[in-house]
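Worksheet for the structure shown next.
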Amino acid sequence: MKVKESEYLKIKKPILKKLLEKLLAKYEYASILANDSKSVNYRVNKSGTNISEDSTLSERGFVVKIYDNGKAAEYSFSAIEDDTVDAVYFEIVKSVENLGNTLPDGTDAYKYTAIDEEELYINESTEYASDPEEKGDNNIIDLLTRISEKGRAYDKRIIDCSVAFNYQKYSKMFLSKKKDLTQNVMWSCGYIVTMAKEGEEIQNGYKPVSMLGGIEVLDTLEEKLEDACNTALDLLKAAPITPGEYDCICEPDVTGMIVHEAFGHGVEMDMFVKDRAQAKEFIGKQVASELITMHDGASTIPQVATFFFDDEGVPAHDTIIIDKGILKTGICDDQSAKHLGVKPTGNGRRQDMTRKAYTRMTNTIFEAGTSKVEDMIASIKDGFLLCQASSGMEDPKNWGIQLMVDIAREIKDGKLTGKIYSPIVMTGYVPDLLKSISMISDSIEAGGTGYCGKGYKEWVKVSDGGPYIKARIRLG
């Protein structure tokens, strides 16, 4: 089944077209982005049950963008009716004209060229098997409760099992002189967090699932329960690792964190405009092993960051960032593209209708290779299998990364020994790490249960992933 178009936006469309017509009569360019979104979070654990609307992802709102005589401006609002079109129009005009008086002394305004649009019509919807709203809160909670209780009964050392589900269903409309775009999207996520205790030691196991679709995502969540329980129990006996450089195999979620932190933010081209990313100087140069091809795009794979057009009305792309080790390009929003003299890649995204669009990642992955995972492990004489990515950060200016991984499983003479080390900090210089990749598995996995911030704010939904990779990595 396909996600239905918002009835609210259907009603507002002719009203917004009236407003657009008035704006186009006055300004060189005008567009309107409209959003109707709903998101709900569910969680069950030993402490109880929680259902809440996600205030960040649930909204109805509008953004007007204007270009005129080399200037650009935006105005957001939350409501419009047929009899308030004139009032909204005059408020926009007043706000835009006042913007020119707010620049600090000594600041020069950047001159924007007019947008040269092509005629484009889109009306697309993603697909799902089961709608959470039709399933109902009680049925969802019953399912989560069953998994939580099963987890708590798995072993006497499991003291809690938190099970969560969340989804977002949204419709967006983009209108301009030449564009009439509508998209209707639903993604869903779930995760299990188990807590194990032995003596004074407490450890957690974490297993996520995510997909472009509905509550059917939970069909695969229960399958991960045993793994989540065993991970928490294994970590109770983990030892600290001896710092050093090791040959490592990274599971797909760890690969995804490397992809996201190593070259994700580093190739967001608004950072090129600000000279805050070293990648700007490496376009056309080798930055990774010849085995590496990296993609980002809303159309790259079907996952939580899939859409048909971005928040600036640019159609979804599949951008090849690294091709066989060579850095080919970055990703960009519309305004960054104007500064740099390139075409936007469909990566202009807003946290909500009150915020500007920044260059943001979408679905970011390494392509699959040709190796079998068992052969990759067998090739390691003294190293580790890295599992359960935790968190990461990067320095795009100097290309340093620091990544946290919960588990390093010891490999000796091509075999897993059963010994576990934790916690693990991965550090290094991005090109050194990526150039050391010597084997890549023949299939990929990707997921996106979390969010990505621009620095410390501007949160949007992203996914990342890839194959198992073998690399030389500094661990501590």
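Numbering starts fresh at 1 for the residues of each chain in the structure tokens, the chains themselves are lettered A, B, ... in the order given, and ligands are numbered from 1 as they appear.
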Point to revise | range 168-237 of chain A: residues DSSP assigns to strand (DSSP E or B), reported as number ranges by chain | key: A: 168-176, 179-198, 201-211
What does the file look like for those residues with C-alpha atoms, as a PDB file, in the first residue's frame?
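Output file result_18.pdb follows:
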ATOM      1  CA  GLN A 168       6.898   9.338  11.173  1.00  0.00           C
ATOM      2  CA  LYS A 169       4.310   9.847   8.458  1.00  0.00           C
ATOM      3  CA  TYR A 170       4.636  13.085   6.518  1.00  0.00           C
ATOM      4  CA  SER A 171       3.407  14.859   3.425  1.00  0.00           C
ATOM      5  CA  LYS A 172       5.317  17.733   1.864  1.00  0.00           C
ATOM      6  CA  MET A 173       4.339  20.037  -0.962  1.00  0.00           C
ATOM      7  CA  PHE A 174       6.620  22.382  -2.902  1.00  0.00           C
ATOM      8  CA  LEU A 175       5.139  25.051  -5.161  1.00  0.00           C
ATOM      9  CA  SER A 176       6.869  27.595  -7.393  1.00  0.00           C
ATOM     10  CA  LYS A 179       7.318  23.237  -9.871  1.00  0.00           C
ATOM     11  CA  ASP A 180       4.357  21.381  -8.397  1.00  0.00           C
ATOM     12  CA  LEU A 181       5.724  18.688  -6.112  1.00  0.00           C
ATOM     13  CA  THR A 182       4.047  16.420  -3.561  1.00  0.00           C
ATOM     14  CA  GLN A 183       5.501  13.513  -1.581  1.00  0.00           C
ATOM     15  CA  ASN A 184       4.057  11.233   1.076  1.00  0.00           C
ATOM     16  CA  VAL A 185       6.523   9.216   3.144  1.00  0.00           C
ATOM     17  CA  MET A 186       6.480   6.873   6.146  1.00  0.00           C
ATOM     18  CA  TRP A 187       9.454   5.377   7.961  1.00  0.00           C
ATOM     19  CA  SER A 188       9.539   3.242  11.119  1.00  0.00           C
ATOM     20  CA  CYS A 189      12.178   2.242  13.684  1.00  0.00           C
ATOM     21  CA  GLY A 190      12.435  -0.091  16.642  1.00  0.00           C
ATOM     22  CA  TYR A 191      15.086  -1.059  19.128  1.00  0.00           C
ATOM     23  CA  ILE A 192      15.810  -3.321  22.083  1.00  0.00           C
ATOM     24  CA  VAL A 193      18.054  -2.311  24.977  1.00  0.00           C
ATOM     25  CA  THR A 194      18.821  -5.074  27.478  1.00  0.00           C
ATOM     26  CA  MET A 195      20.437  -4.404  30.850  1.00  0.00           C
ATOM     27  CA  ALA A 196      22.469  -7.126  32.560  1.00  0.00           C
ATOM     28  CA  LYS A 197      23.933  -7.058  36.061  1.00  0.00           C
ATOM     29  CA  GLU A 198      26.423  -9.284  37.866  1.00  0.00           C
ATOM     30  CA  GLU A 201      28.895  -4.619  37.005  1.00  0.00           C
ATOM     31  CA  ILE A 202      26.076  -3.405  34.705  1.00  0.00           C
ATOM     32  CA  GLN A 203      26.182  -3.639  30.897  1.00  0.00           C
ATOM     33  CA  ASN A 204      23.771  -2.993  28.031  1.00  0.00           C
ATOM     34  CA  GLY A 205      23.015  -4.778  24.772  1.00  0.00           C
ATOM     35  CA  TYR A 206      21.504  -2.762  21.916  1.00  0.00           C
ATOM     36  CA  LYS A 207      19.853  -3.995  18.723  1.00  0.00           C
ATOM     37  CA  PRO A 208      18.017  -1.656  16.299  1.00  0.00           C
ATOM     38  CA  VAL A 209      15.838  -2.064  13.201  1.00  0.00           C
ATOM     39  CA  SER A 210      14.611   0.563  10.751  1.00  0.00           C
ATOM     40  CA  MET A 211      12.948   0.705   7.375  1.00  0.00           C
TER      41      MET A 211
END
**Study point:** Backbone DSSP call of alpha helix (DSSP H) for range 6-109 of chain A, listed as an NGL selection string
**Key:** :A and (7-26 or 85-99)
As a CSV table (one decimal) with C-alpha atoms, in the first residue's frame, please: the residues near range 19-34 of chain A (cut-off 8 Å, only C-alpha atoms, same-chain neighbours under 3 positions excluded).
chain,number,residue,atom,x,y,z
A,9,LEU,CA,-2.4,20.0,2.3
A,15,ILE,CA,-4.9,28.9,-1.0
A,16,LEU,CA,-1.1,28.6,-1.2
A,60,ARG,CA,2.1,21.6,10.2
A,61,GLY,CA,3.9,24.6,8.7
A,62,PHE,CA,4.9,26.6,5.7
A,63,VAL,CA,8.1,28.3,4.4
A,64,VAL,CA,8.2,31.0,1.7
A,65,LYS,CA,11.5,31.6,-0.1
A,66,ILE,CA,12.1,34.7,-2.1
A,67,TYR,CA,14.9,35.8,-4.5
A,68,ASP,CA,14.8,39.4,-5.8
A,69,ASN,CA,17.5,41.7,-7.1
A,85,VAL,CA,-4.0,35.3,2.2
A,86,ASP,CA,-3.6,39.1,1.9
A,89,TYR,CA,1.3,38.3,2.0
A,114,ALA,CA,18.1,34.1,-9.8
A,115,ILE,CA,17.0,30.5,-9.7
A,172,LYS,CA,5.3,17.7,1.9
A,173,MET,CA,4.3,20.0,-1.0
A,174,PHE,CA,6.6,22.4,-2.9
A,175,LEU,CA,5.1,25.1,-5.2
A,176,SER,CA,6.9,27.6,-7.4
A,177,LYS,CA,6.3,29.1,-10.8
A,311,ASP,CA,13.2,20.9,1.3
A,312,GLU,CA,14.3,23.2,-1.5
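Put simply, CA of Arg355 in chain A is 13.2 Å away from CA of Gly453 in chain A.
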Shell of 10 Å around Ala109 in chain A, only C-alpha atoms, local chain residues under 3 positions omitted, as a short mmCIF file (atom, residue, chain, number, x, y, z; two decimals) with C-alpha atoms, in the first residue's frame:
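Output contents, as saved in selection.cif:
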data_model
loop_
_atom_site.label_atom_id
_atom_site.label_comp_id
_atom_site.auth_asym_id
_atom_site.auth_seq_id
_atom_site.Cartn_x
_atom_site.Cartn_y
_atom_site.Cartn_z
CA GLY A 70 20.36 39.53 -5.82
CA LYS A 71 18.83 39.09 -2.38
CA ALA A 72 17.34 36.00 -0.76
CA GLY A 100 17.86 44.64 4.70
CA LEU A 103 22.88 43.56 8.76
CA GLY A 106 30.65 46.47 7.91
CA TYR A 112 22.43 35.69 -5.33
#
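The closest residue to Leu475 in chain A, picked from A:Asn41, A:Glu149, A:Gly428, A:Val314 and counting only C-alpha atoms, is A:Gly428.
Each of A:Gly466, A:Gly48, A:Gly266, A:Pro243 was checked against Ser422 in chain A using only C-alpha atoms; the smallest atom-to-atom distance is that of A:Pro243.
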Neighbour list for Ala153 in chain A as a compact mmCIF listing (two decimals) with C-alpha atoms, in the first residue's frame, cut-off 12 Å, only C-alpha atoms, skip fewer than 4 positions in-chain:
# COMPACT_ATOMS: atom_id res chain seq x y z
CA LYS A 46 10.16 -2.75 33.64
CA ARG A 146 5.61 -9.38 25.00
CA ILE A 147 9.15 -8.80 23.73
CA SER A 148 10.14 -6.91 26.90
CA GLU A 149 8.84 -9.66 29.19
CA ARG A 157 21.13 -11.49 35.18
CA ILE A 158 18.93 -9.54 32.74
CA ILE A 159 17.39 -6.89 35.00
CA ASP A 160 15.54 -4.93 32.34
CA CYS A 161 14.61 -5.03 28.67
CA THR A 194 18.82 -5.07 27.48
CA ALA A 196 22.47 -7.13 32.56
CA LEU A 225 16.14 -10.24 21.20
CA GLU A 226 18.44 -13.19 21.90
CA CYS A 229 20.49 -10.36 25.68
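Counting only C-alpha atoms, the residue from A:Val259, A:Ile141, A:Ala316, A:Ile215 that sits nearest to Ile122 in chain A is A:Ala316.
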Check your understanding: Could you state the separation of CA of Arg474 in chain A and CA of Glu245 in chain A in Å, given to one decimal place?
Key -> 4.2 Å
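Nearest to Thr126 in chain A of all the residues A:Ser391, A:Asn363, A:Gln303, A:Gln402 is A:Gln303, based on only C-alpha atoms.
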**Study point:** Exercise: Ser95 in chain A partners within 12 Å, only C-alpha atoms, chain neighbours under 3 positions left out, as a PyMOL selection string
**Key:** chain A and resi 64+66+73-77+88-92+98-102
With C-alpha atoms retained, write the just-selected residues as a JSON list (two decimals), in the first residue's frame.
[["chain", "number", "residue", "atom", "x", "y", "z"],
["A", 64, "VAL", "CA", 8.20, 30.97, 1.71],
["A", 66, "ILE", "CA", 12.11, 34.68, -2.15],
["A", 73, "ALA", "CA", 14.92, 35.75, 2.16],
["A", 74, "GLU", "CA", 12.67, 33.24, 3.91],
["A", 75, "TYR", "CA", 9.52, 33.57, 5.97],
["A", 76, "SER", "CA", 7.83, 30.77, 7.92],
["A", 77, "PHE", "CA", 4.27, 30.62, 9.24],
["A", 88, "VAL", "CA", 0.07, 36.74, 5.21],
["A", 89, "TYR", "CA", 1.29, 38.33, 1.99],
["A", 90, "PHE", "CA", 1.70, 41.79, 3.55],
["A", 91, "GLU", "CA", 3.46, 40.30, 6.58],
["A", 92, "ILE", "CA", 5.91, 38.54, 4.25],
["A", 98, "ASN", "CA", 13.01, 44.84, 7.08],
["A", 99, "LEU", "CA", 15.70, 42.20, 6.65],
["A", 100, "GLY", "CA", 17.86, 44.64, 4.70],
["A", 101, "ASN", "CA", 18.10, 46.85, 7.77],
["A", 102, "THR", "CA", 19.36, 44.13, 10.12]]
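Here the question is which of A:Thr56, A:Ser130, A:Gln388, A:Thr362 gets nearest to Pro423 in chain A using only C-alpha atoms, and that residue is A:Gln388.
Among the candidates A:Leu144, A:Leu120, A:Ile322, A:Met353, the one nearest to Glu458 in chain A when counting only C-alpha atoms is A:Met353.
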Exercise for review: Within 10 Å of Ala238 in chain A, counting only C-alpha atoms, which residues show up once you throw out same-chain ones fewer than 6 positions away? Write them as a ChimeraX atom specification, please.
Suggested key: /A:203,406-409,419-423
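As for CA of Asn139 in chain A and CA of Phe307 in chain A, they are spaced 28.5 Å apart.
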